[in-house]
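So this one's target11.cif, mmCIF, C-alpha atoms and all ligand atoms:
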```cif
data_target
loop_
_atom_site.group_PDB
_atom_site.id
_atom_site.type_symbol
_atom_site.label_atom_id
_atom_site.label_comp_id
_atom_site.auth_asym_id
_atom_site.auth_seq_id
_atom_site.Cartn_x
_atom_site.Cartn_y
_atom_site.Cartn_z
ATOM 1 C CA MET K 1 4.265 -11.733 24.561
ATOM 2 C CA ASN K 2 2.558 -14.819 23.105
ATOM 3 C CA TYR K 3 1.972 -13.620 19.535
ATOM 4 C CA GLU K 4 0.616 -16.934 18.342
ATOM 5 C CA GLU K 5 -2.081 -16.826 20.971
ATOM 6 C CA THR K 6 -2.875 -13.152 20.268
ATOM 7 C CA LEU K 7 -3.298 -13.777 16.531
ATOM 8 C CA LYS K 8 -5.561 -16.778 17.206
ATOM 9 C CA GLU K 9 -7.736 -14.715 19.551
ATOM 10 C CA ILE K 10 -8.039 -12.019 16.898
ATOM 11 C CA GLN K 11 -9.038 -14.578 14.272
ATOM 12 C CA GLU K 12 -11.793 -15.861 16.567
ATOM 13 C CA GLU K 13 -13.010 -12.390 17.434
ATOM 14 C CA VAL K 14 -13.315 -11.216 13.820
ATOM 15 C CA THR K 15 -15.093 -14.351 12.575
ATOM 16 C CA PRO K 16 -18.594 -12.993 13.415
ATOM 17 C CA LEU K 17 -17.873 -10.098 11.019
ATOM 18 C CA PHE K 18 -17.620 -12.344 7.966
ATOM 19 C CA GLY K 19 -20.327 -11.294 5.550
ATOM 20 C CA LYS K 20 -20.044 -7.598 6.432
ATOM 21 C CA GLY K 21 -18.616 -5.204 3.870
ATOM 22 C CA LYS K 22 -18.348 -5.522 0.114
ATOM 23 C CA ILE K 23 -15.663 -6.773 -2.204
ATOM 24 C CA ALA K 24 -14.230 -4.181 -4.653
ATOM 25 C CA ASN K 25 -16.044 -4.724 -7.921
ATOM 26 C CA TYR K 26 -15.148 -1.618 -9.907
ATOM 27 C CA ILE K 27 -12.167 -3.617 -11.172
ATOM 28 C CA PRO K 28 -14.015 -6.627 -12.660
ATOM 29 C CA ALA K 29 -11.204 -9.138 -12.054
ATOM 30 C CA LEU K 30 -11.143 -8.304 -8.334
ATOM 31 C CA ALA K 31 -14.840 -9.122 -7.966
ATOM 32 C CA LYS K 32 -14.063 -12.831 -8.466
ATOM 33 C CA VAL K 33 -12.156 -13.246 -5.203
ATOM 34 C CA GLU K 34 -13.598 -15.526 -2.496
ATOM 35 C CA PRO K 35 -14.928 -12.902 -0.035
ATOM 36 C CA ASN K 36 -14.714 -14.665 3.343
ATOM 37 C CA GLN K 37 -10.976 -14.931 3.777
ATOM 38 C CA PHE K 38 -8.759 -13.837 6.631
ATOM 39 C CA ALA K 39 -5.006 -13.990 7.152
ATOM 40 C CA MET K 40 -2.636 -12.026 9.350
ATOM 41 C CA SER K 41 1.165 -12.013 9.644
ATOM 42 C CA LEU K 42 3.575 -10.415 12.039
ATOM 43 C CA GLN K 43 7.301 -10.056 11.311
ATOM 44 C CA LEU K 44 9.943 -9.427 13.981
ATOM 45 C CA PHE K 45 13.481 -8.016 13.565
ATOM 46 C CA ASP K 46 15.202 -11.305 14.473
ATOM 47 C CA GLY K 47 13.564 -13.071 11.514
ATOM 48 C CA GLN K 48 10.827 -14.741 13.568
ATOM 49 C CA SER K 49 7.352 -14.409 12.162
ATOM 50 C CA TYR K 50 3.864 -15.425 13.306
ATOM 51 C CA HIS K 51 0.828 -16.093 11.176
ATOM 52 C CA VAL K 52 -2.824 -16.969 11.321
ATOM 53 C CA GLY K 53 -5.127 -17.999 8.439
ATOM 54 C CA ASN K 54 -3.760 -18.650 4.985
ATOM 55 C CA SER K 55 -0.767 -16.330 5.166
ATOM 56 C CA ASP K 56 0.716 -17.719 1.939
ATOM 57 C CA GLN K 57 -2.387 -16.914 -0.088
ATOM 58 C CA LYS K 58 -1.392 -14.233 -2.609
ATOM 59 C CA PHE K 59 -3.797 -11.369 -3.241
ATOM 60 C CA SER K 60 -3.838 -8.189 -5.279
ATOM 61 C CA ILE K 61 -1.801 -5.608 -3.358
ATOM 62 C CA GLN K 62 -3.483 -2.639 -5.097
ATOM 63 C CA SER K 63 -2.755 0.609 -3.231
ATOM 64 C CA ILE K 64 -0.286 -1.024 -0.873
ATOM 65 C CA SER K 65 2.033 -0.674 -3.896
ATOM 66 C CA LYS K 66 1.902 3.087 -3.244
ATOM 67 C CA VAL K 67 4.167 2.512 -0.229
ATOM 68 C CA PHE K 68 6.811 0.947 -2.475
ATOM 69 C CA THR K 69 6.414 3.700 -5.055
ATOM 70 C CA PHE K 70 6.712 6.424 -2.431
ATOM 71 C CA THR K 71 9.695 4.923 -0.626
ATOM 72 C CA HIS K 72 11.537 4.345 -3.890
ATOM 73 C CA VAL K 73 10.881 7.861 -5.197
ATOM 74 C CA MET K 74 11.835 9.280 -1.802
ATOM 75 C CA ASN K 75 15.136 7.508 -2.104
ATOM 76 C CA LEU K 76 15.737 8.659 -5.698
ATOM 77 C CA TYR K 77 14.614 12.271 -5.386
ATOM 78 C CA ASN K 78 15.041 12.880 -1.660
ATOM 79 C CA GLU K 79 13.350 16.147 -0.665
ATOM 80 C CA SER K 80 12.481 17.503 -4.079
ATOM 81 C CA LEU K 81 8.864 16.288 -4.241
ATOM 82 C CA GLU K 82 7.112 19.393 -2.996
ATOM 83 C CA ASN K 83 6.287 21.024 -6.282
ATOM 84 C CA ARG K 84 4.768 17.790 -7.649
ATOM 85 C CA LEU K 85 2.510 16.649 -4.797
ATOM 86 C CA GLY K 86 1.410 17.500 -1.268
ATOM 87 C CA LEU K 87 1.585 15.718 2.070
ATOM 88 C CA GLU K 88 -1.836 16.450 3.501
ATOM 89 C CA PRO K 89 -4.752 14.062 4.028
ATOM 90 C CA SER K 90 -7.247 14.420 1.206
ATOM 91 C CA GLY K 91 -10.485 13.905 3.129
ATOM 92 C CA ASP K 92 -11.821 12.730 -0.233
ATOM 93 C CA PRO K 93 -12.245 9.289 -1.810
ATOM 94 C CA PHE K 94 -9.112 7.645 -3.245
ATOM 95 C CA ASN K 95 -10.057 8.417 -6.838
ATOM 96 C CA SER K 96 -11.631 11.849 -6.459
ATOM 97 C CA LEU K 97 -11.251 14.215 -9.406
ATOM 98 C CA VAL K 98 -12.859 17.293 -7.878
ATOM 99 C CA GLN K 99 -10.059 18.203 -5.493
ATOM 100 C CA LEU K 100 -7.464 17.618 -8.189
ATOM 101 C CA GLU K 101 -9.017 20.211 -10.414
ATOM 102 C CA TYR K 102 -9.363 22.990 -7.891
ATOM 103 C CA GLU K 103 -5.853 22.333 -6.622
ATOM 104 C CA ASN K 104 -4.402 22.773 -10.114
ATOM 105 C CA GLY K 105 -3.443 19.162 -10.810
ATOM 106 C CA LYS K 106 -1.294 18.780 -7.690
ATOM 107 C CA PRO K 107 -2.398 15.677 -5.751
ATOM 108 C CA ARG K 108 -2.862 16.020 -2.009
ATOM 109 C CA ASN K 109 -0.561 13.134 -1.062
ATOM 110 C CA PRO K 110 1.330 10.099 -2.434
ATOM 111 C CA PHE K 111 -1.241 7.571 -1.183
ATOM 112 C CA ILE K 112 -4.240 8.584 -3.254
ATOM 113 C CA ASN K 113 -4.362 7.434 -6.873
ATOM 114 C CA ALA K 114 -3.404 10.793 -8.397
ATOM 115 C CA GLY K 115 -0.390 11.041 -6.076
ATOM 116 C CA ALA K 116 0.879 7.585 -6.978
ATOM 117 C CA ILE K 117 0.358 8.362 -10.673
ATOM 118 C CA VAL K 118 2.614 11.443 -10.340
ATOM 119 C CA LEU K 119 5.201 9.306 -8.542
ATOM 120 C CA SER K 120 4.967 6.711 -11.333
ATOM 121 C CA ASP K 121 5.666 9.553 -13.765
ATOM 122 C CA MET K 122 8.796 10.456 -11.768
ATOM 123 C CA LEU K 123 9.898 6.823 -11.908
ATOM 124 C CA VAL K 124 9.377 6.723 -15.684
ATOM 125 C CA SER K 125 11.515 9.882 -16.006
ATOM 126 C CA LYS K 126 14.288 7.990 -14.269
ATOM 127 C CA TYR K 127 13.999 4.422 -15.604
ATOM 128 C CA LYS K 128 12.177 4.954 -18.935
ATOM 129 C CA LYS K 129 11.058 1.630 -20.476
ATOM 130 C CA ASN K 130 12.531 -0.411 -17.601
ATOM 131 C CA THR K 131 10.495 1.213 -14.853
ATOM 132 C CA TYR K 132 8.266 -1.736 -13.972
ATOM 133 C CA GLU K 133 11.207 -4.172 -14.002
ATOM 134 C CA GLU K 134 13.260 -1.869 -11.751
ATOM 135 C CA MET K 135 10.373 -1.508 -9.328
ATOM 136 C CA LEU K 136 9.771 -5.247 -9.269
ATOM 137 C CA LYS K 137 13.444 -5.805 -8.383
ATOM 138 C CA TYR K 138 13.154 -3.208 -5.625
ATOM 139 C CA ILE K 139 10.000 -4.787 -4.162
ATOM 140 C CA GLN K 140 11.575 -8.237 -4.305
ATOM 141 C CA LYS K 141 14.547 -6.857 -2.394
ATOM 142 C CA THR K 142 12.334 -5.387 0.339
ATOM 143 C CA CYS K 143 10.857 -8.818 1.042
ATOM 144 C CA ASP K 144 14.058 -10.702 0.263
ATOM 145 C CA ASN K 145 12.125 -12.922 -2.101
ATOM 146 C CA ASN K 146 12.111 -13.011 -5.887
ATOM 147 C CA LEU K 147 8.856 -14.911 -6.242
ATOM 148 C CA ILE K 148 6.742 -11.800 -6.596
ATOM 149 C CA SER K 149 4.841 -11.365 -9.833
ATOM 150 C CA ILE K 150 1.912 -9.663 -11.433
ATOM 151 C CA ASP K 151 -1.670 -10.892 -11.797
ATOM 152 C CA GLU K 152 -2.049 -10.447 -15.532
ATOM 153 C CA GLU K 153 -5.844 -10.686 -15.427
ATOM 154 C CA VAL K 154 -6.136 -7.921 -12.817
ATOM 155 C CA TYR K 155 -3.674 -5.773 -14.754
ATOM 156 C CA LEU K 156 -5.635 -6.055 -18.005
ATOM 157 C CA SER K 157 -8.907 -5.542 -16.168
ATOM 158 C CA GLU K 158 -7.627 -2.346 -14.510
ATOM 159 C CA ARG K 159 -6.260 -1.018 -17.761
ATOM 160 C CA LYS K 160 -9.577 -1.606 -19.459
ATOM 161 C CA SER K 161 -11.772 -0.172 -16.711
ATOM 162 C CA GLY K 162 -9.553 2.533 -15.185
ATOM 163 C CA PHE K 163 -11.502 5.459 -16.627
ATOM 164 C CA LYS K 164 -11.188 7.618 -13.519
ATOM 165 C CA ASN K 165 -7.462 7.027 -13.287
ATOM 166 C CA TYR K 166 -7.118 8.036 -16.934
ATOM 167 C CA SER K 167 -9.218 11.137 -16.251
ATOM 168 C CA MET K 168 -6.847 12.068 -13.437
ATOM 169 C CA ILE K 169 -3.717 11.679 -15.476
ATOM 170 C CA TYR K 170 -5.168 13.734 -18.352
ATOM 171 C CA MET K 171 -6.178 16.420 -15.878
ATOM 172 C CA MET K 172 -2.691 16.458 -14.342
ATOM 173 C CA LYS K 173 -1.100 16.502 -17.787
ATOM 174 C CA SER K 174 -3.178 19.587 -18.626
ATOM 175 C CA PHE K 175 -1.628 21.255 -15.549
ATOM 176 C CA LYS K 176 1.836 20.079 -16.720
ATOM 177 C CA ASN K 177 2.281 17.832 -13.696
ATOM 178 C CA ILE K 178 2.901 14.756 -15.870
ATOM 179 C CA LYS K 179 6.092 14.791 -17.936
ATOM 180 C CA ASN K 180 5.974 11.459 -19.769
ATOM 181 C CA ASP K 181 3.705 9.639 -22.158
ATOM 182 C CA ILE K 182 0.390 8.911 -20.433
ATOM 183 C CA ASN K 183 0.231 5.269 -21.488
ATOM 184 C CA ASN K 184 3.759 4.533 -20.287
ATOM 185 C CA VAL K 185 2.973 6.028 -16.881
ATOM 186 C CA MET K 186 -0.366 4.220 -16.548
ATOM 187 C CA GLU K 187 1.225 0.914 -17.481
ATOM 188 C CA VAL K 188 3.602 1.258 -14.529
ATOM 189 C CA TYR K 189 0.862 2.419 -12.154
ATOM 190 C CA PHE K 190 -1.524 -0.432 -13.075
ATOM 191 C CA LYS K 191 1.198 -3.084 -13.074
ATOM 192 C CA LEU K 192 2.322 -2.146 -9.570
ATOM 193 C CA CYS K 193 -1.282 -2.236 -8.301
ATOM 194 C CA SER K 194 -1.681 -5.682 -9.882
ATOM 195 C CA LEU K 195 1.192 -7.364 -8.059
ATOM 196 C CA ARG K 196 0.229 -10.408 -6.011
ATOM 197 C CA MET K 197 1.690 -10.900 -2.564
ATOM 198 C CA SER K 198 0.744 -12.733 0.616
ATOM 199 C CA THR K 199 0.473 -11.345 4.168
ATOM 200 C CA ASN K 200 3.675 -13.223 4.893
ATOM 201 C CA GLU K 201 5.537 -11.467 2.056
ATOM 202 C CA LEU K 202 4.060 -8.031 2.716
ATOM 203 C CA SER K 203 4.769 -8.045 6.442
ATOM 204 C CA ARG K 204 8.360 -8.989 5.596
ATOM 205 C CA ALA K 205 8.579 -6.215 2.986
ATOM 206 C CA MET K 206 7.553 -3.534 5.504
ATOM 207 C CA LEU K 207 10.220 -4.418 8.060
ATOM 208 C CA PHE K 208 12.631 -1.692 6.922
ATOM 209 C CA LEU K 209 9.982 0.928 7.681
ATOM 210 C CA SER K 210 9.792 -0.317 11.283
ATOM 211 C CA ASN K 211 13.559 -0.091 11.608
ATOM 212 C CA HIS K 212 14.434 3.463 10.497
ATOM 213 C CA GLY K 213 14.822 2.522 6.819
ATOM 214 C CA VAL K 214 17.207 -0.437 7.261
ATOM 215 C CA ASP K 215 16.193 -4.086 6.853
ATOM 216 C CA PRO K 216 17.222 -5.558 10.225
ATOM 217 C CA ILE K 217 17.715 -9.020 8.717
ATOM 218 C CA THR K 218 19.692 -8.326 5.523
ATOM 219 C CA GLN K 219 21.066 -4.928 6.697
ATOM 220 C CA GLU K 220 20.031 -3.451 3.330
ATOM 221 C CA VAL K 221 19.609 0.336 3.625
ATOM 222 C CA PHE K 222 16.405 1.448 1.858
ATOM 223 C CA LEU K 223 15.911 4.900 3.399
ATOM 224 C CA THR K 224 17.606 7.270 5.805
ATOM 225 C CA GLN K 225 16.180 7.495 9.305
ATOM 226 C CA SER K 226 14.601 10.832 8.492
ATOM 227 C CA GLN K 227 13.031 9.538 5.258
ATOM 228 C CA ALA K 228 11.600 6.507 7.081
ATOM 229 C CA LYS K 229 10.071 8.822 9.688
ATOM 230 C CA ARG K 230 8.472 10.844 6.897
ATOM 231 C CA VAL K 231 7.015 7.836 5.109
ATOM 232 C CA ASN K 232 5.562 6.540 8.376
ATOM 233 C CA ALA K 233 4.096 9.958 9.142
ATOM 234 C CA VAL K 234 2.355 10.058 5.761
ATOM 235 C CA MET K 235 1.091 6.493 6.252
ATOM 236 C CA LEU K 236 -0.428 7.525 9.576
ATOM 237 C CA THR K 237 -2.092 10.654 8.220
ATOM 238 C CA CYS K 238 -3.004 9.551 4.669
ATOM 239 C CA GLY K 239 -2.840 5.727 4.498
ATOM 240 C CA HIS K 240 -6.599 5.106 4.546
ATOM 241 C CA TYR K 241 -8.018 7.738 2.198
ATOM 242 C CA ASP K 242 -10.918 9.592 3.777
ATOM 243 C CA ALA K 243 -10.900 7.157 6.714
ATOM 244 C CA SER K 244 -7.307 7.954 7.738
ATOM 245 C CA GLY K 245 -8.352 9.847 10.861
ATOM 246 C CA ASP K 246 -10.718 7.088 11.902
ATOM 247 C CA PHE K 247 -8.036 4.419 11.363
ATOM 248 C CA ALA K 248 -5.444 6.412 13.364
ATOM 249 C CA PHE K 249 -8.036 6.867 16.136
ATOM 250 C CA ARG K 250 -8.899 3.159 16.306
ATOM 251 C CA VAL K 251 -5.554 1.531 15.541
ATOM 252 C CA GLY K 252 -2.859 4.153 16.153
ATOM 253 C CA LEU K 253 -0.286 2.861 13.679
ATOM 254 C CA PRO K 254 1.211 3.999 10.362
ATOM 255 C CA ALA K 255 -0.518 1.757 7.835
ATOM 256 C CA LYS K 256 -1.631 1.528 4.212
ATOM 257 C CA SER K 257 -4.611 -0.259 2.763
ATOM 258 C CA GLY K 258 -5.499 -1.429 -0.733
ATOM 259 C CA VAL K 259 -8.841 -2.244 -2.348
ATOM 260 C CA GLY K 260 -7.647 -5.838 -2.778
ATOM 261 C CA GLY K 261 -8.363 -6.192 0.973
ATOM 262 C CA GLY K 262 -4.830 -5.972 2.360
ATOM 263 C CA ILE K 263 -3.493 -3.586 5.009
ATOM 264 C CA VAL K 264 0.158 -3.258 6.004
ATOM 265 C CA ALA K 265 1.096 -1.654 9.331
ATOM 266 C CA VAL K 266 4.327 -0.620 10.981
ATOM 267 C CA ILE K 267 5.231 -0.592 14.681
ATOM 268 C CA PRO K 268 8.454 1.439 14.769
ATOM 269 C CA GLY K 269 11.241 -0.268 16.684
ATOM 270 C CA LYS K 270 9.260 -3.497 17.016
ATOM 271 C CA MET K 271 7.698 -5.250 14.039
ATOM 272 C CA SER K 272 5.652 -5.019 10.865
ATOM 273 C CA LEU K 273 2.244 -6.527 10.181
ATOM 274 C CA CYS K 274 -0.050 -7.386 7.310
ATOM 275 C CA VAL K 275 -3.676 -8.432 7.375
ATOM 276 C CA TYR K 276 -5.881 -9.607 4.521
ATOM 277 C CA SER K 277 -9.638 -9.875 4.240
ATOM 278 C CA PRO K 278 -11.229 -8.757 0.983
ATOM 279 C CA ARG K 279 -14.564 -7.303 2.058
ATOM 280 C CA LEU K 280 -14.250 -3.515 2.299
ATOM 281 C CA ASN K 281 -15.906 -0.794 4.337
ATOM 282 C CA SER K 282 -17.531 2.176 2.620
ATOM 283 C CA GLN K 283 -14.197 4.026 2.265
ATOM 284 C CA GLY K 284 -12.535 1.100 0.470
ATOM 285 C CA ASN K 285 -10.503 -0.315 3.371
ATOM 286 C CA SER K 286 -10.659 -3.931 4.554
ATOM 287 C CA LEU K 287 -13.422 -4.048 7.161
ATOM 288 C CA ILE K 288 -12.148 -7.098 9.041
ATOM 289 C CA GLY K 289 -8.531 -6.037 8.466
ATOM 290 C CA THR K 290 -9.152 -2.732 10.221
ATOM 291 C CA LYS K 291 -10.874 -4.494 13.126
ATOM 292 C CA ALA K 292 -8.051 -7.053 13.406
ATOM 293 C CA LEU K 293 -5.418 -4.325 13.671
ATOM 294 C CA GLU K 294 -7.529 -2.450 16.204
ATOM 295 C CA LEU K 295 -7.741 -5.627 18.287
ATOM 296 C CA PHE K 296 -3.988 -6.155 17.918
ATOM 297 C CA THR K 297 -3.040 -2.735 19.311
ATOM 298 C CA THR K 298 -5.659 -3.018 22.050
ATOM 299 C CA LYS K 299 -4.440 -6.437 23.170
ATOM 300 C CA THR K 300 -0.711 -5.704 22.977
ATOM 301 C CA GLY K 301 -0.672 -2.005 23.855
ATOM 302 C CA PHE K 302 1.687 -1.529 20.874
ATOM 303 C CA SER K 303 0.398 1.592 19.204
ATOM 304 C CA ILE K 304 2.693 4.540 18.553
ATOM 305 C CA PHE K 305 0.849 6.607 21.148
HETATM 306 N N1 LIG D 401 -5.667 0.064 -8.597
HETATM 307 C C1 LIG D 401 -6.639 0.740 -7.809
HETATM 308 C C2 LIG D 401 -7.127 1.943 -8.552
HETATM 309 O O1 LIG D 401 -6.356 2.587 -9.165
HETATM 310 C C3 LIG D 401 -6.020 1.099 -6.495
HETATM 311 C C4 LIG D 401 -7.005 1.642 -5.528
HETATM 312 C C5 LIG D 401 -6.791 1.184 -4.114
HETATM 313 O O2 LIG D 401 -6.251 0.139 -3.803
HETATM 314 O O3 LIG D 401 -7.189 1.946 -3.260
HETATM 315 O O4 LIG D 401 -8.288 2.261 -8.566
#
```
Have the structure of the file written as structure tokens, please.
Ligand code: GLU
Amino acid sequence: MNYEETLKEIQEEVTPLFGKGKIANYIPALAKVEPNQFAMSLQLFDGQSYHVGNSDQKFSIQSISKVFTFTHVMNLYNESLENRLGLEPSGDPFNSLVQLEYENGKPRNPFINAGAIVLSDMLVSKYKKNTYEEMLKYIQKTCDNNLISIDEEVYLSERKSGFKNYSMIYMMKSFKNIKNDINNVMEVYFKLCSLRMSTNELSRAMLFLSNHGVDPITQEVFLTQSQAKRVNAVMLTCGHYDASGDFAFRVGLPAKSGVGGGIVAVIPGKMSLCVYSPRLNSQGNSLIGTKALELFTTKTGFSIF
């Protein structure tokens, strides 16, 4: 398979879509990003990687951080998540409050904001004041690279404008589904969303999920085979908010998007991918990123189905 050629073809085919979709502007610092960008990276088990566009350009990972949060909590708490959050697609926007209230403060899944906030609470119960630092170390280990850091401006901007996220945590606290101080939990949640990574770094970080929980290059064990299967299953069913079904239909891969414009995707047994393009579709997923991954599975035949 000539991956270089395939990525170039995809870049050409998505170019006419530049200008479609809107950049996330509900977090003021994100609205400043240059909108017409595209990069895509593909990471193989033998360490080879292929890239197109500016694959070293760092961007705000936003909800892609929920994959790191979920995998880390999965590893710490194993199966005992069920009474804190569900594993079903929400069918609602990523920051919906309505569902959370009628489901008694129990988020539908780990990949919507409320779910990741509960997981952040579980991390704070474990690591207390060092939670962000511990998570940063973990994320750096997944991509075998310690040059990952936070975008301070995005972090402050999210903290200042995250009214809906605060509403969710207060609601969950009222249902006793948050055990720690609200500000400590939100600090961790916002900091993880504000990390900056490139498609190169993110595709590398997802490799363990394509290889049953074990990094095939460093041999580091992040998850058991069964846990990795579970994370991938939740990425497939819940990774794109209320567009998860549509994404699975078009692309056919476990994947997770973020409002920064990134999408990570996993091809079990083969490779991991990341695509970046900041203009979003109406459900908050990268418009060109989704198309690029659809073209990738169509051209290569590498979907999980
Ligand atoms: N930090 C964003 C928020 O909490 C994450 C949303 C996303 O990427 O989908 O609103």
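Using all atoms listed in the file for every distance, the candidate list K:Ala24, K:Gly19, K:Met40, K:Val124 yields K:Met40 as the residue closest to Tyr3 (chain K).
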Site check for ligand LIG 401 (chain D): residues at most 7 Å away, only C-alpha atoms and all ligand atoms, as a ChimeraX atom specification: /K:62-64,94-95,113,158,162,165,190,193,257-260,284
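When all atoms listed in the file are used to measure the gap to Asp242 (chain K), the shortest distance among K:Asn83, K:Asn281, K:Ser161, K:Asn36 belongs to K:Asn281.
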Show me, as a PDB file with C-alpha atoms, keeping the file's coordinate frame, the residues that have an atom within 12 Å of Val98 (chain K) when counting only C-alpha atoms, minus same-chain residues fewer than 4 positions from it.
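around_35.pdb was written with the following content:
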```pdb
ATOM      1  CA  SER K  90      -7.247  14.420   1.206  1.00  0.00           C
ATOM      2  CA  GLY K  91     -10.485  13.905   3.129  1.00  0.00           C
ATOM      3  CA  ASP K  92     -11.821  12.730  -0.233  1.00  0.00           C
ATOM      4  CA  PRO K  93     -12.245   9.289  -1.810  1.00  0.00           C
ATOM      5  CA  PHE K  94      -9.112   7.645  -3.245  1.00  0.00           C
ATOM      6  CA  TYR K 102      -9.363  22.990  -7.891  1.00  0.00           C
ATOM      7  CA  GLU K 103      -5.853  22.333  -6.622  1.00  0.00           C
ATOM      8  CA  ASN K 104      -4.402  22.773 -10.114  1.00  0.00           C
ATOM      9  CA  GLY K 105      -3.443  19.162 -10.810  1.00  0.00           C
ATOM     10  CA  LYS K 106      -1.294  18.780  -7.690  1.00  0.00           C
ATOM     11  CA  PRO K 107      -2.398  15.677  -5.751  1.00  0.00           C
ATOM     12  CA  ARG K 108      -2.862  16.020  -2.009  1.00  0.00           C
ATOM     13  CA  ALA K 114      -3.404  10.793  -8.397  1.00  0.00           C
ATOM     14  CA  LYS K 164     -11.188   7.618 -13.519  1.00  0.00           C
ATOM     15  CA  SER K 167      -9.218  11.137 -16.251  1.00  0.00           C
ATOM     16  CA  MET K 168      -6.847  12.068 -13.437  1.00  0.00           C
ATOM     17  CA  MET K 171      -6.178  16.420 -15.878  1.00  0.00           C
TER      18      MET K 171
END
```
The PyMOL selection byres (((chain K and resi 212) around 8) and not hetatm) applied to the shown file, residues as JSON, numbers by chain: {"K": [208, 209, 210, 211, 213, 214, 223, 224, 225, 226, 228, 229, 268, 269]}
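With CA of Met235 (chain K) on one side and CA of Glu88 (chain K) on the other, the separation reads 10.7 Å.
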Atom-to-atom span, CA of Tyr170 (chain K) and CA of Pro28 (chain K), Å: 22.9 Å
Residues returned when the PyMOL selection byres (((chain K and resi 123) around 12) and not hetatm) runs on this file, as number ranges by chain: K: 68-77, 116-122, 124-135, 178-180, 184-189, 192
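Proximity of K:Thr300, K:Asn146, K:Gln283, K:Asn2 to Lys22 (chain K), computed with only C-alpha atoms, is greatest for K:Gln283.
Closest approach to Leu295 (chain K) among K:Gly252, K:Gly86, K:Pro278, K:Gly262 is made by K:Gly252 (distances from only C-alpha atoms).
In this structure, CA of Ile139 (chain K) sits 7.4 Å away from CA of Ala205 (chain K).
Taking all atoms listed in the file into account, Ile112 (chain K) lies nearest to K:Ser244 out of the set K:Gln43, K:Ser244, K:Ser272, K:Ser194.
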Chain and number of each residue from the PyMOL selection byres (((chain K and resi 143) around 12) and not hetatm), as a PyMOL selection string: chain K and resi 43+47+68+136-142+144-148+197-209+215-218+220+222+272
Sphere at (-9.1, -13.3, 13.9), radius 12 Å, counting all atoms listed in the file: residues as a ChimeraX atom specification: /K:4-18,37-41,51-54,275-277,288-296
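Using all atoms listed in the file, the residues found no farther than 7 Å from Ile150 (chain K), other than those of its own chain fewer than 6 positions away, are Lys191, Ser194, Leu195 and Arg196 of chain K.
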Can those selected residues be exported to a file as a compact mmCIF listing (two decimals), in the frame of the given file so that it contains C-alpha atoms?
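Contents of result25.txt, freshly written:
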```
# COMPACT_ATOMS: atom_id res chain seq x y z
CA LYS K 191 1.20 -3.08 -13.07
CA SER K 194 -1.68 -5.68 -9.88
CA LEU K 195 1.19 -7.36 -8.06
CA ARG K 196 0.23 -10.41 -6.01
```
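Across K:Phe302, K:Phe175, K:Phe111, K:Phe45, the tightest approach to His240 (chain K) is made by K:Phe111 when counting only C-alpha atoms.
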